[in-house]
file my_file-v6.pdb (PDB, C-alpha atoms)
ATOM      1  CA  MET Q   1      94.896  72.678 111.960
ATOM      2  CA  ARG Q   2      96.683  75.635 113.546
ATOM      3  CA  PHE Q   3      95.419  76.417 117.029
ATOM      4  CA  LEU Q   4      96.744  79.366 119.024
ATOM      5  CA  LEU Q   5      95.222  80.788 122.180
ATOM      6  CA  ASP Q   6      94.290  84.438 122.118
ATOM      7  CA  ASP Q   7      95.304  86.878 124.855
ATOM      8  CA  GLN Q   8      92.036  86.488 126.748
ATOM      9  CA  GLN Q   9      92.325  82.702 126.785
ATOM     10  CA  ARG Q  10      95.942  82.845 127.942
ATOM     11  CA  ASP Q  11      94.992  85.231 130.746
ATOM     12  CA  PHE Q  12      92.173  82.901 131.762
ATOM     13  CA  VAL Q  13      94.539  79.919 131.932
ATOM     14  CA  ARG Q  14      97.120  81.870 133.933
ATOM     15  CA  SER Q  15      94.502  83.090 136.416
ATOM     16  CA  LEU Q  16      93.199  79.556 136.926
ATOM     17  CA  ASP Q  17      96.722  78.242 137.482
ATOM     18  CA  ALA Q  18      97.354  80.942 140.068
ATOM     19  CA  LEU Q  19      94.029  80.300 141.806
ATOM     20  CA  LEU Q  20      94.568  76.554 142.013
ATOM     21  CA  ALA Q  21      98.216  76.835 143.035
ATOM     22  CA  ALA Q  22      97.131  79.006 145.954
ATOM     23  CA  SER Q  23      94.295  76.663 146.962
ATOM     24  CA  ASP Q  24      96.391  73.711 148.206
ATOM     25  CA  THR Q  25      94.482  71.313 145.966
ATOM     26  CA  PRO Q  26      96.392  68.222 147.213
ATOM     27  CA  ALA Q  27      94.991  68.858 150.697
ATOM     28  CA  VAL Q  28      91.514  69.443 149.219
ATOM     29  CA  ALA Q  29      91.728  66.156 147.304
ATOM     30  CA  ARG Q  30      92.850  64.212 150.372
ATOM     31  CA  SER Q  31      90.015  65.679 152.438
ATOM     32  CA  TRP Q  32      87.526  64.756 149.719
ATOM     33  CA  ALA Q  33      88.814  61.178 149.665
ATOM     34  CA  LEU Q  34      88.247  60.962 153.437
ATOM     35  CA  GLY Q  35      84.659  62.204 153.115
ATOM     36  CA  ASP Q  36      85.238  65.825 154.138
ATOM     37  CA  THR Q  37      83.733  67.696 151.193
ATOM     38  CA  ALA Q  38      83.722  71.202 152.719
ATOM     39  CA  PRO Q  39      87.122  72.255 151.274
ATOM     40  CA  GLY Q  40      86.049  70.912 147.887
ATOM     41  CA  HIS Q  41      82.815  72.898 147.953
ATOM     42  CA  ALA Q  42      84.747  76.049 148.907
ATOM     43  CA  LEU Q  43      87.108  75.466 145.995
ATOM     44  CA  ARG Q  44      84.113  74.991 143.673
ATOM     45  CA  LEU Q  45      82.870  78.462 144.648
ATOM     46  CA  ARG Q  46      86.267  79.977 143.834
ATOM     47  CA  LEU Q  47      86.301  78.218 140.477
ATOM     48  CA  ALA Q  48      82.788  79.474 139.785
ATOM     49  CA  ASP Q  49      83.891  83.032 140.616
ATOM     50  CA  ALA Q  50      86.604  82.556 137.989
ATOM     51  CA  GLY Q  51      83.869  81.645 135.477
ATOM     52  CA  VAL Q  52      84.593  77.929 135.029
ATOM     53  CA  PHE Q  53      81.027  76.646 135.325
ATOM     54  CA  ALA Q  54      79.456  79.626 133.564
ATOM     55  CA  LEU Q  55      81.246  78.431 130.406
ATOM     56  CA  ALA Q  56      78.532  75.785 129.924
ATOM     57  CA  VAL Q  57      75.513  77.922 130.835
ATOM     58  CA  PRO Q  58      73.603  80.238 128.440
ATOM     59  CA  GLU Q  59      73.632  83.959 129.143
ATOM     60  CA  GLU Q  60      69.925  84.041 129.991
ATOM     61  CA  PHE Q  61      70.689  81.823 132.978
ATOM     62  CA  ASP Q  62      73.622  83.906 134.281
ATOM     63  CA  GLY Q  63      76.249  82.090 132.227
ATOM     64  CA  VAL Q  64      78.562  83.327 129.495
ATOM     65  CA  GLY Q  65      77.284  80.998 126.783
ATOM     66  CA  LEU Q  66      78.357  77.533 125.717
ATOM     67  CA  LEU Q  67      82.128  77.847 125.188
ATOM     68  CA  PRO Q  68      83.702  74.405 124.700
ATOM     69  CA  VAL Q  69      87.226  75.644 123.901
ATOM     70  CA  GLU Q  70      87.482  77.620 127.135
ATOM     71  CA  THR Q  71      85.917  74.685 128.983
ATOM     72  CA  ALA Q  72      88.640  72.357 127.672
ATOM     73  CA  LEU Q  73      91.332  74.837 128.727
ATOM     74  CA  ALA Q  74      89.811  75.086 132.205
ATOM     75  CA  PHE Q  75      89.556  71.339 132.692
ATOM     76  CA  GLU Q  76      93.132  70.789 131.612
ATOM     77  CA  ARG Q  77      94.046  73.019 134.567
ATOM     78  CA  LEU Q  78      91.685  71.166 136.896
ATOM     79  CA  GLY Q  79      93.384  67.928 135.891
ATOM     80  CA  ARG Q  80      96.851  69.408 136.347
ATOM     81  CA  HIS Q  81      95.982  70.379 139.931
ATOM     82  CA  ALA Q  82      94.031  67.177 140.771
ATOM     83  CA  VAL Q  83      90.805  69.011 141.651
ATOM     84  CA  PRO Q  84      88.268  66.550 143.134
ATOM     85  CA  GLY Q  85      84.499  66.469 142.806
ATOM     86  CA  PRO Q  86      81.935  66.188 140.004
ATOM     87  CA  ALA Q  87      83.160  69.160 137.972
ATOM     88  CA  VAL Q  88      82.848  67.329 134.646
ATOM     89  CA  GLU Q  89      79.388  66.098 135.575
ATOM     90  CA  THR Q  90      78.298  69.588 136.669
ATOM     91  CA  VAL Q  91      79.276  70.999 133.276
ATOM     92  CA  ALA Q  92      77.622  68.095 131.431
ATOM     93  CA  SER Q  93      74.433  68.518 133.489
ATOM     94  CA  ALA Q  94      74.380  72.230 132.670
ATOM     95  CA  VAL Q  95      74.682  71.431 128.955
ATOM     96  CA  LEU Q  96      71.906  68.842 129.257
ATOM     97  CA  LEU Q  97      69.533  71.293 130.927
ATOM     98  CA  ALA Q  98      70.447  74.093 128.527
ATOM     99  CA  GLU Q  99      69.931  71.908 125.445
ATOM    100  CA  LEU Q 100      66.702  70.473 126.841
ATOM    101  CA  GLY Q 101      65.105  73.896 126.823
ATOM    102  CA  ASP Q 102      62.799  73.237 129.785
ATOM    103  CA  PRO Q 103      62.278  76.692 131.366
ATOM    104  CA  ASP Q 104      61.377  75.362 134.814
ATOM    105  CA  LEU Q 105      64.382  73.058 135.104
ATOM    106  CA  GLY Q 106      66.628  75.697 133.588
ATOM    107  CA  LYS Q 107      65.565  78.433 136.011
ATOM    108  CA  SER Q 108      65.774  76.055 138.962
ATOM    109  CA  TRP Q 109      69.308  74.848 138.399
ATOM    110  CA  LEU Q 110      71.336  76.629 135.717
ATOM    111  CA  PRO Q 111      71.968  79.916 137.617
ATOM    112  CA  ARG Q 112      72.979  77.915 140.696
ATOM    113  CA  LEU Q 113      75.339  75.699 138.694
ATOM    114  CA  ALA Q 114      76.920  78.739 137.018
ATOM    115  CA  SER Q 115      77.469  80.495 140.359
ATOM    116  CA  GLY Q 116      78.913  77.412 142.056
ATOM    117  CA  HIS Q 117      76.180  77.390 144.701
ATOM    118  CA  ALA Q 118      75.124  73.933 143.480
ATOM    119  CA  SER Q 119      76.842  70.952 141.920
ATOM    120  CA  ALA Q 120      75.337  68.233 139.759
ATOM    121  CA  THR Q 121      76.123  64.721 138.700
ATOM    122  CA  LEU Q 122      74.817  62.726 135.803
ATOM    123  CA  GLN Q 123      74.363  59.165 134.598
ATOM    124  CA  LEU Q 124      73.491  58.369 130.995
ATOM    125  CA  SER Q 125      71.922  54.975 130.395
ATOM    126  CA  HIS Q 126      70.570  53.948 127.003
ATOM    127  CA  GLY Q 127      67.787  51.823 128.510
ATOM    128  CA  SER Q 128      66.446  48.550 127.171
ATOM    129  CA  ASP Q 129      64.889  49.932 123.987
ATOM    130  CA  ALA Q 130      67.373  52.605 122.887
ATOM    131  CA  ALA Q 131      70.706  52.637 121.132
ATOM    132  CA  PRO Q 132      73.755  53.133 123.377
ATOM    133  CA  PHE Q 133      74.982  56.674 123.909
ATOM    134  CA  PRO Q 134      78.291  57.368 122.131
ATOM    135  CA  PHE Q 135      79.672  58.686 125.435
ATOM    136  CA  ALA Q 136      78.042  57.387 128.570
ATOM    137  CA  SER Q 137      78.690  56.731 132.229
ATOM    138  CA  ALA Q 138      77.470  53.625 134.012
ATOM    139  CA  TRP Q 139      77.723  55.353 137.395
ATOM    140  CA  ALA Q 140      77.012  58.754 138.894
ATOM    141  CA  LEU Q 141      80.122  60.374 140.374
ATOM    142  CA  ASP Q 142      79.797  61.762 143.908
ATOM    143  CA  ALA Q 143      76.036  61.323 143.949
ATOM    144  CA  ASP Q 144      76.077  61.533 147.745
ATOM    145  CA  SER Q 145      77.411  65.112 147.758
ATOM    146  CA  ALA Q 146      75.922  66.615 144.568
ATOM    147  CA  ASP Q 147      72.964  68.950 144.961
ATOM    148  CA  VAL Q 148      71.110  67.403 142.034
ATOM    149  CA  VAL Q 149      71.476  63.951 140.501
ATOM    150  CA  LEU Q 150      70.248  63.536 136.923
ATOM    151  CA  LEU Q 151      69.544  60.176 135.323
ATOM    152  CA  VAL Q 152      68.800  59.677 131.633
ATOM    153  CA  ARG Q 153      67.331  56.367 130.557
ATOM    154  CA  GLY Q 154      66.749  56.248 126.852
ATOM    155  CA  HIS Q 155      64.357  59.097 126.133
ATOM    156  CA  GLU Q 156      63.465  59.950 129.746
ATOM    157  CA  LEU Q 157      65.078  62.275 132.266
ATOM    158  CA  PHE Q 158      64.721  61.696 135.998
ATOM    159  CA  LEU Q 159      65.827  63.371 139.162
ATOM    160  CA  ALA Q 160      67.594  60.532 140.963
ATOM    161  CA  THR Q 161      69.029  59.416 144.266
ATOM    162  CA  PRO Q 162      71.818  56.962 145.192
ATOM    163  CA  SER Q 163      70.587  53.389 145.482
ATOM    164  CA  GLY Q 164      73.397  52.044 147.661
ATOM    165  CA  ALA Q 165      76.858  52.616 149.036
ATOM    166  CA  ALA Q 166      79.722  53.991 147.006
ATOM    167  CA  LEU Q 167      81.618  51.578 144.797
ATOM    168  CA  ALA Q 168      85.367  51.148 145.058
ATOM    169  CA  SER Q 169      87.482  53.174 142.662
ATOM    170  CA  LEU Q 170      91.183  53.236 141.935
ATOM    171  CA  ASP Q 171      91.005  56.971 142.614
ATOM    172  CA  PRO Q 172      89.749  57.501 146.200
ATOM    173  CA  THR Q 173      88.471  60.971 145.261
ATOM    174  CA  ARG Q 174      86.030  59.413 142.770
ATOM    175  CA  ARG Q 175      83.030  57.971 144.627
ATOM    176  CA  LEU Q 176      80.871  56.046 142.172
ATOM    177  CA  PHE Q 177      77.176  55.337 142.798
ATOM    178  CA  ALA Q 178      74.372  53.457 141.163
ATOM    179  CA  VAL Q 179      71.304  55.706 141.147
ATOM    180  CA  GLU Q 180      67.573  55.215 140.738
ATOM    181  CA  PRO Q 181      64.713  57.590 139.879
ATOM    182  CA  ALA Q 182      63.387  59.598 142.803
ATOM    183  CA  GLY Q 183      60.021  60.020 141.073
ATOM    184  CA  PRO Q 184      58.385  60.138 137.641
ATOM    185  CA  ALA Q 185      60.266  61.453 134.623
ATOM    186  CA  VAL Q 186      60.646  65.232 134.551
ATOM    187  CA  ALA Q 187      61.078  65.225 130.770
ATOM    188  CA  SER Q 188      60.683  62.703 127.982
ATOM    189  CA  GLY Q 189      60.818  62.330 124.231
ATOM    190  CA  PRO Q 190      63.434  62.688 121.479
ATOM    191  CA  ARG Q 191      64.604  66.049 122.866
ATOM    192  CA  VAL Q 192      65.931  64.269 125.969
ATOM    193  CA  ARG Q 193      68.016  61.939 123.840
ATOM    194  CA  VAL Q 194      69.418  64.819 121.774
ATOM    195  CA  ALA Q 195      70.272  66.857 124.879
ATOM    196  CA  ALA Q 196      71.838  63.839 126.594
ATOM    197  CA  GLU Q 197      74.039  63.064 123.594
ATOM    198  CA  ARG Q 198      75.220  66.669 123.579
ATOM    199  CA  ALA Q 199      75.958  66.491 127.298
ATOM    200  CA  GLY Q 200      77.918  63.273 126.788
ATOM    201  CA  ARG Q 201      80.129  64.996 124.217
ATOM    202  CA  TRP Q 202      80.969  67.782 126.648
ATOM    203  CA  ALA Q 203      81.667  65.263 129.415
ATOM    204  CA  ALA Q 204      84.036  63.274 127.187
ATOM    205  CA  LEU Q 205      85.789  66.466 126.038
ATOM    206  CA  ALA Q 206      86.255  67.764 129.589
ATOM    207  CA  THR Q 207      87.509  64.360 130.746
ATOM    208  CA  ALA Q 208      90.014  64.225 127.874
ATOM    209  CA  ALA Q 209      91.262  67.672 128.872
ATOM    210  CA  GLN Q 210      91.581  66.510 132.482
ATOM    211  CA  SER Q 211      93.632  63.508 131.364
ATOM    212  CA  LEU Q 212      95.925  65.851 129.475
ATOM    213  CA  GLY Q 213      96.404  68.035 132.538
ATOM    214  CA  VAL Q 214      97.064  65.062 134.808
ATOM    215  CA  GLY Q 215      99.649  63.715 132.357
ATOM    216  CA  ARG Q 216     101.465  67.033 132.085
ATOM    217  CA  ALA Q 217     101.634  67.431 135.858
ATOM    218  CA  LEU Q 218     102.997  63.902 136.268
ATOM    219  CA  LEU Q 219     105.598  64.470 133.562
ATOM    220  CA  GLU Q 220     106.758  67.756 135.101
ATOM    221  CA  GLN Q 221     107.104  66.150 138.539
ATOM    222  CA  THR Q 222     109.016  63.217 137.065
ATOM    223  CA  VAL Q 223     111.413  65.405 135.083
ATOM    224  CA  ALA Q 224     112.169  67.372 138.238
ATOM    225  CA  TYR Q 225     112.733  64.172 140.226
ATOM    226  CA  ALA Q 226     114.971  62.680 137.528
ATOM    227  CA  GLY Q 227     117.162  65.755 137.738
ATOM    228  CA  GLN Q 228     117.570  65.349 141.509
ATOM    229  CA  ARG Q 229     117.738  61.583 142.053
ATOM    230  CA  ARG Q 230     121.288  60.318 141.746
ATOM    231  CA  GLN Q 231     122.639  56.855 141.053
ATOM    232  CA  PHE Q 232     126.277  55.915 140.425
ATOM    233  CA  GLY Q 233     127.169  59.511 141.217
ATOM    234  CA  THR Q 234     125.023  61.081 138.493
ATOM    235  CA  ALA Q 235     121.413  62.242 138.039
ATOM    236  CA  ILE Q 236     119.199  59.493 136.617
ATOM    237  CA  GLY Q 237     117.831  62.028 134.134
ATOM    238  CA  SER Q 238     121.111  61.768 132.226
ATOM    239  CA  PHE Q 239     120.578  58.049 131.508
ATOM    240  CA  GLN Q 240     119.506  57.314 127.952
ATOM    241  CA  ALA Q 241     116.738  54.878 128.984
ATOM    242  CA  VAL Q 242     115.226  57.472 131.324
ATOM    243  CA  LYS Q 243     115.360  60.143 128.611
ATOM    244  CA  HIS Q 244     113.526  57.824 126.230
ATOM    245  CA  ARG Q 245     110.710  57.155 128.727
ATOM    246  CA  LEU Q 246     110.251  60.852 129.374
ATOM    247  CA  ALA Q 247     110.393  61.669 125.655
ATOM    248  CA  ASP Q 248     107.753  59.045 124.888
ATOM    249  CA  ALA Q 249     105.434  60.563 127.502
ATOM    250  CA  LEU Q 250     106.041  64.077 126.199
ATOM    251  CA  LEU Q 251     105.368  63.088 122.589
ATOM    252  CA  ALA Q 252     102.121  61.371 123.548
ATOM    253  CA  LEU Q 253     100.930  64.499 125.382
ATOM    254  CA  GLU Q 254     102.039  66.833 122.587
ATOM    255  CA  PHE Q 255     100.187  64.796 119.957
ATOM    256  CA  ALA Q 256      97.063  64.584 122.116
ATOM    257  CA  GLN Q 257      96.754  68.299 122.851
ATOM    258  CA  PRO Q 258      95.832  69.483 119.324
ATOM    259  CA  LEU Q 259      93.283  66.671 119.102
ATOM    260  CA  VAL Q 260      91.628  67.940 122.274
ATOM    261  CA  HIS Q 261      91.614  71.502 120.930
ATOM    262  CA  ALA Q 262      90.234  70.373 117.568
ATOM    263  CA  ALA Q 263      87.477  68.413 119.319
ATOM    264  CA  ALA Q 264      86.577  71.495 121.351
ATOM    265  CA  LEU Q 265      86.319  73.555 118.184
ATOM    266  CA  SER Q 266      84.101  71.092 116.326
ATOM    267  CA  LEU Q 267      82.285  69.144 119.072
ATOM    268  CA  ASP Q 268      82.041  66.394 116.474
ATOM    269  CA  PRO Q 269      81.676  62.970 118.135
ATOM    270  CA  ILE Q 270      84.431  61.441 115.984
ATOM    271  CA  ASP Q 271      86.840  64.232 116.874
ATOM    272  CA  ILE Q 272      85.939  63.859 120.540
ATOM    273  CA  ALA Q 273      86.427  60.084 120.400
ATOM    274  CA  MET Q 274      89.902  60.524 118.887
ATOM    275  CA  ALA Q 275      90.803  63.160 121.475
ATOM    276  CA  LYS Q 276      89.501  60.996 124.309
ATOM    277  CA  VAL Q 277      91.614  58.015 123.259
ATOM    278  CA  ALA Q 278      94.760  60.056 122.631
ATOM    279  CA  ALA Q 279      94.559  62.115 125.825
ATOM    280  CA  GLY Q 280      93.580  59.161 127.992
ATOM    281  CA  GLU Q 281      96.425  57.015 126.698
ATOM    282  CA  ALA Q 282      98.879  59.927 126.958
ATOM    283  CA  GLY Q 283      97.947  60.578 130.568
ATOM    284  CA  TYR Q 284      98.272  56.886 131.367
ATOM    285  CA  THR Q 285     101.648  56.705 129.583
ATOM    286  CA  ALA Q 286     102.891  59.608 131.702
ATOM    287  CA  ALA Q 287     101.597  57.884 134.838
ATOM    288  CA  ARG Q 288     103.404  54.633 134.082
ATOM    289  CA  ALA Q 289     106.648  56.476 133.365
ATOM    290  CA  ALA Q 290     106.255  58.505 136.556
ATOM    291  CA  LEU Q 291     105.686  55.433 138.679
ATOM    292  CA  GLN Q 292     108.622  53.526 137.225
ATOM    293  CA  LEU Q 293     111.094  56.404 137.371
ATOM    294  CA  HIS Q 294     110.154  57.405 140.926
ATOM    295  CA  GLY Q 295     110.687  53.842 142.065
ATOM    296  CA  ALA Q 296     109.433  52.804 145.507
ATOM    297  CA  VAL Q 297     108.737  56.391 146.603
ATOM    298  CA  GLY Q 298     106.142  56.614 143.824
ATOM    299  CA  TYR Q 299     103.921  54.157 145.690
ATOM    300  CA  THR Q 300     103.589  56.289 148.817
ATOM    301  CA  GLU Q 301     100.327  58.049 149.624
ATOM    302  CA  GLU Q 302     102.191  60.973 151.166
ATOM    303  CA  LEU Q 303     103.715  61.998 147.854
ATOM    304  CA  ASP Q 304     101.474  64.351 145.858
ATOM    305  CA  LEU Q 305     102.420  62.347 142.781
ATOM    306  CA  SER Q 306     100.020  59.649 143.978
ATOM    307  CA  LEU Q 307      97.020  61.922 143.341
ATOM    308  CA  GLY Q 308      97.746  62.063 139.636
ATOM    309  CA  LEU Q 309      98.837  58.440 139.407
ATOM    310  CA  ARG Q 310      95.500  57.268 140.762
ATOM    311  CA  LYS Q 311      93.518  59.553 138.474
ATOM    312  CA  SER Q 312      95.073  58.615 135.157
ATOM    313  CA  ARG Q 313      93.469  55.193 134.665
ATOM    314  CA  PRO Q 314      89.926  56.125 135.823
ATOM    315  CA  LEU Q 315      89.948  59.238 133.635
ATOM    316  CA  ARG Q 316      91.103  57.176 130.665
ATOM    317  CA  ASP Q 317      88.006  54.989 131.017
ATOM    318  CA  ALA Q 318      85.426  57.567 132.169
ATOM    319  CA  TRP Q 319      82.930  59.019 129.676
ATOM    320  CA  GLY Q 320      84.134  56.908 126.790
ATOM    321  CA  ALA Q 321      86.421  53.930 127.332
ATOM    322  CA  PRO Q 322      89.224  53.523 124.751
ATOM    323  CA  ALA Q 323      87.612  50.485 123.103
ATOM    324  CA  ALA Q 324      84.265  52.258 122.711
ATOM    325  CA  CYS Q 325      85.890  55.395 121.305
ATOM    326  CA  ARG Q 326      87.995  53.412 118.837
ATOM    327  CA  ALA Q 327      84.897  51.500 117.722
ATOM    328  CA  LEU Q 328      83.109  54.816 117.132
ATOM    329  CA  VAL Q 329      85.964  56.101 114.967
ATOM    330  CA  LEU Q 330      86.221  52.835 112.999
ATOM    331  CA  ALA Q 331      82.480  52.757 112.410
ATOM    332  CA  ALA Q 332      82.624  56.225 110.874
ATOM    333  CA  GLY Q 333      85.025  55.033 108.166
ATOM    334  CA  PRO Q 334      87.764  57.089 106.512
ATOM    335  CA  THR Q 335      87.689  60.775 107.364
ATOM    336  CA  GLU Q 336      89.192  63.732 105.576
ATOM    337  CA  VAL Q 337      92.364  65.153 107.046
ATOM    338  CA  ARG Q 338      91.614  68.666 108.225
ATOM    339  CA  ALA Q 339      94.066  71.289 107.058
TER     340      ALA Q 339
END

call {"tool": "encode", "arguments": {"input": "my_file-v6.pdb", "output": "structure tokens"}}
result
Amino acid sequence: MRFLLDDQQRDFVRSLDALLAASDTPAVARSWALGDTAPGHALRLRLADAGVFALAVPEEFDGVGLLPVETALAFERLGRHAVPGPAVETVASAVLLAELGDPDLGKSWLPRLASGHASATLQLSHGSDAAPFPFASAWALDADSADVVLLVRGHELFLATPSGAALASLDPTRRLFAVEPAGPAVASGPRVRVAAERAGRWAALATAAQSLGVGRALLEQTVAYAGQRRQFGTAIGSFQAVKHRLADALLALEFAQPLVHAAALSLDPIDIAMAKVAAGEAGYTAARAALQLHGAVGYTEELDLSLGLRKSRPLRDAWGAPAACRALVLAAGPTEVRA
């Protein structure tokens, strides 16, 4: 498959990079980890003004339509700049509500999600009498700060609320919550299951794109460091072993990127599962190389590198753990190679 961005997509990516570079996202992420969500909410509004959340909202609800390719491009940038908050879950919730087709829920939330004046989080649970979702989340991210918390159990959709304190996460910007229904189901039936499965695909795709962005940022920082750090009178980047580690990380990221783009084009669950595994493992490979090649300084909280290091593993496992994605691909059997 040959995938090239058009001029409009390239301009969109460049504008997002410029916006995020000017937003001091490391400071926003650190504030979010400490419980100060105001800078994160302000950044969400700027991202919404750039059209990020409108990409998953139909035009009749003030969006620009469901555009998965542009969404993947946007979330690669969000990963590169370590943007905190339930951005993936907001997009997935918008897709869920759009696919559900409930006019009351759609009018209540979709324009607000598109404009950035509300955020959402989502938990998909198959329930006791339903098959597991291909892509699911056992917890609701940032349920204490999201404006709406959605919970799907099997064929029922609930508005939900956190049922306890946040759970510990390797990434301090990811606050995980168990949630429980805040009242009776607001929708039920097969249409809920179909909409939830669609939302799970978008969540897995956006998370894969985030992993790719995190990995690329870590690799760039490590290459720069390897060119500056000197041992035995020479830059460590000239050592063959260091070159091999960096090359391995680069190859993993380069092979993962077209899989993410192909998954965005097709939205096929098998394509998304392959992209999720490849991007998650590539981001984690870049993180391990970054940590080893930075040495002791890589462990410090003060270094911005730590933001990406602590994201790589949680993103690899979120919305489709590697084992679950591999099982999905194996269960599908041999697939045709796309030209």

call {"tool": "atom_distance", "arguments": {"input": "my_file-v6.pdb", "atom1": "atom CA of Q:Leu151", "atom2": "atom CA of Q:Ala264"}}
result
24.8 Å

call {"tool": "residues_around", "arguments": {"input": "my_file-v6.pdb", "residues": "Q:Pro190", "least_positions_apart": "5", "cutoff": "12 Å", "atoms": "only C-alpha atoms", "output": "list in words"}}
result
Glu99, Leu100, Ala130, Val152, Arg153, Gly154, His155, Glu156, Leu157, Ala195, Ala196 and Glu197 of chain Q

call {"tool": "closest_atom_pairs", "arguments": {"input": "my_file-v6.pdb", "of": "stretch 162-216 of chain Q", "to": "stretch 277-295 of chain Q", "cutoff": "7 Å", "atoms": "only C-alpha atoms", "output": "CSV"}}
result
residue,atom,partner,partner_atom,distance
Q:Ala208,CA,Q:Ala279,CA,5.4
Q:Ser211,CA,Q:Gly283,CA,5.3
Q:Leu212,CA,Q:Ala279,CA,5.4
Q:Val214,CA,Q:Gly283,CA,6.2
Q:Gly215,CA,Q:Gly283,CA,4.0

call {"tool": "closest_residue", "arguments": {"input": "my_file-v6.pdb", "among": "Q:Val57, Q:Ala178, Q:Arg77, Q:Lys243", "to": "Q:Ala18", "atoms": "all atoms listed in the file"}}
result
Q:Arg77

call {"tool": "resolve_selection", "arguments": {"input": "my_file-v6.pdb", "expression": "the PyMOL selection byres ((chain Q and resi 219) around 8)", "output": "ChimeraX atom specification"}}
result
/Q:215-218,220-223,246,249-250,286-287,290

call {"tool": "residues_near_point", "arguments": {"input": "my_file-v6.pdb", "point": "(82.6, 65.0, 136.6)", "cutoff": "8 Å", "atoms": "only C-alpha atoms", "output": "NGL selection string"}}
result
:Q and (85-92 or 121 or 141 or 203 or 207)

call {"tool": "closest_residue", "arguments": {"input": "my_file-v6.pdb", "among": "Q:Leu73, Q:Leu45, Q:Leu150, Q:Asp62", "to": "Q:Ser15", "atoms": "only C-alpha atoms"}}
result
Q:Leu73

call {"tool": "resolve_selection", "arguments": {"input": "my_file-v6.pdb", "expression": "the PyMOL selection byres ((chain Q and resi 101-104) around 12)", "output": "list of chain:residue names"}}
result
Q:Val57, Q:Pro58, Q:Glu60, Q:Phe61, Q:Ala94, Q:Val95, Q:Leu96, Q:Leu97, Q:Ala98, Q:Glu99, Q:Leu100, Q:Leu105, Q:Gly106, Q:Lys107, Q:Ser108, Q:Trp109, Q:Leu110, Q:Pro111, Q:Leu157, Q:Val186, Q:Ala187, Q:Ser188, Q:Arg191, Q:Val192, Q:Val194, Q:Ala195

call {"tool": "resolve_selection", "arguments": {"input": "my_file-v6.pdb", "expression": "the PyMOL selection byres ((chain Q and resi 124) around 6)", "output": "VMD selection string"}}
result
chain Q and resid 123 125 136 to 137 152

call {"tool": "axis_aligned_box", "arguments": {"input": "my_file-v6.pdb", "around": "stretch 75-92 of chain Q", "padding_each_side": "6 Å", "output": "lines of an AutoDock Vina configuration file"}}
result
center_x = 87.2
center_y = 69.6
center_z = 137.3
size_x = 31.2
size_y = 18.9
size_z = 23.7

call {"tool": "residues_near_point", "arguments": {"input": "my_file-v6.pdb", "point": "(60.7, 57.1, 143.1)", "cutoff": "12 Å", "atoms": "all atoms listed in the file", "output": "PyMOL selection string"}}
result
chain Q and resi 158-163+179-186

call {"tool": "atom_distance", "arguments": {"input": "my_file-v6.pdb", "atom1": "atom CA of Q:Gly308", "atom2": "atom CA of Q:Ala82"}}
result
6.4 Å

call {"tool": "atom_distance", "arguments": {"input": "my_file-v6.pdb", "atom1": "atom CA of Q:Met274", "atom2": "atom CA of Q:Ser93"}}
result
22.7 Å

call {"tool": "closest_residue", "arguments": {"input": "my_file-v6.pdb", "among": "Q:Ala50, Q:Val28, Q:Val64, Q:Ala33", "to": "Q:Arg310", "atoms": "all atoms listed in the file"}}
result
Q:Ala33

call {"tool": "closest_residue", "arguments": {"input": "my_file-v6.pdb", "among": "Q:Phe75, Q:Phe232, Q:Phe12, Q:Trp202", "to": "Q:Ser266", "atoms": "only C-alpha atoms"}}
result
Q:Trp202
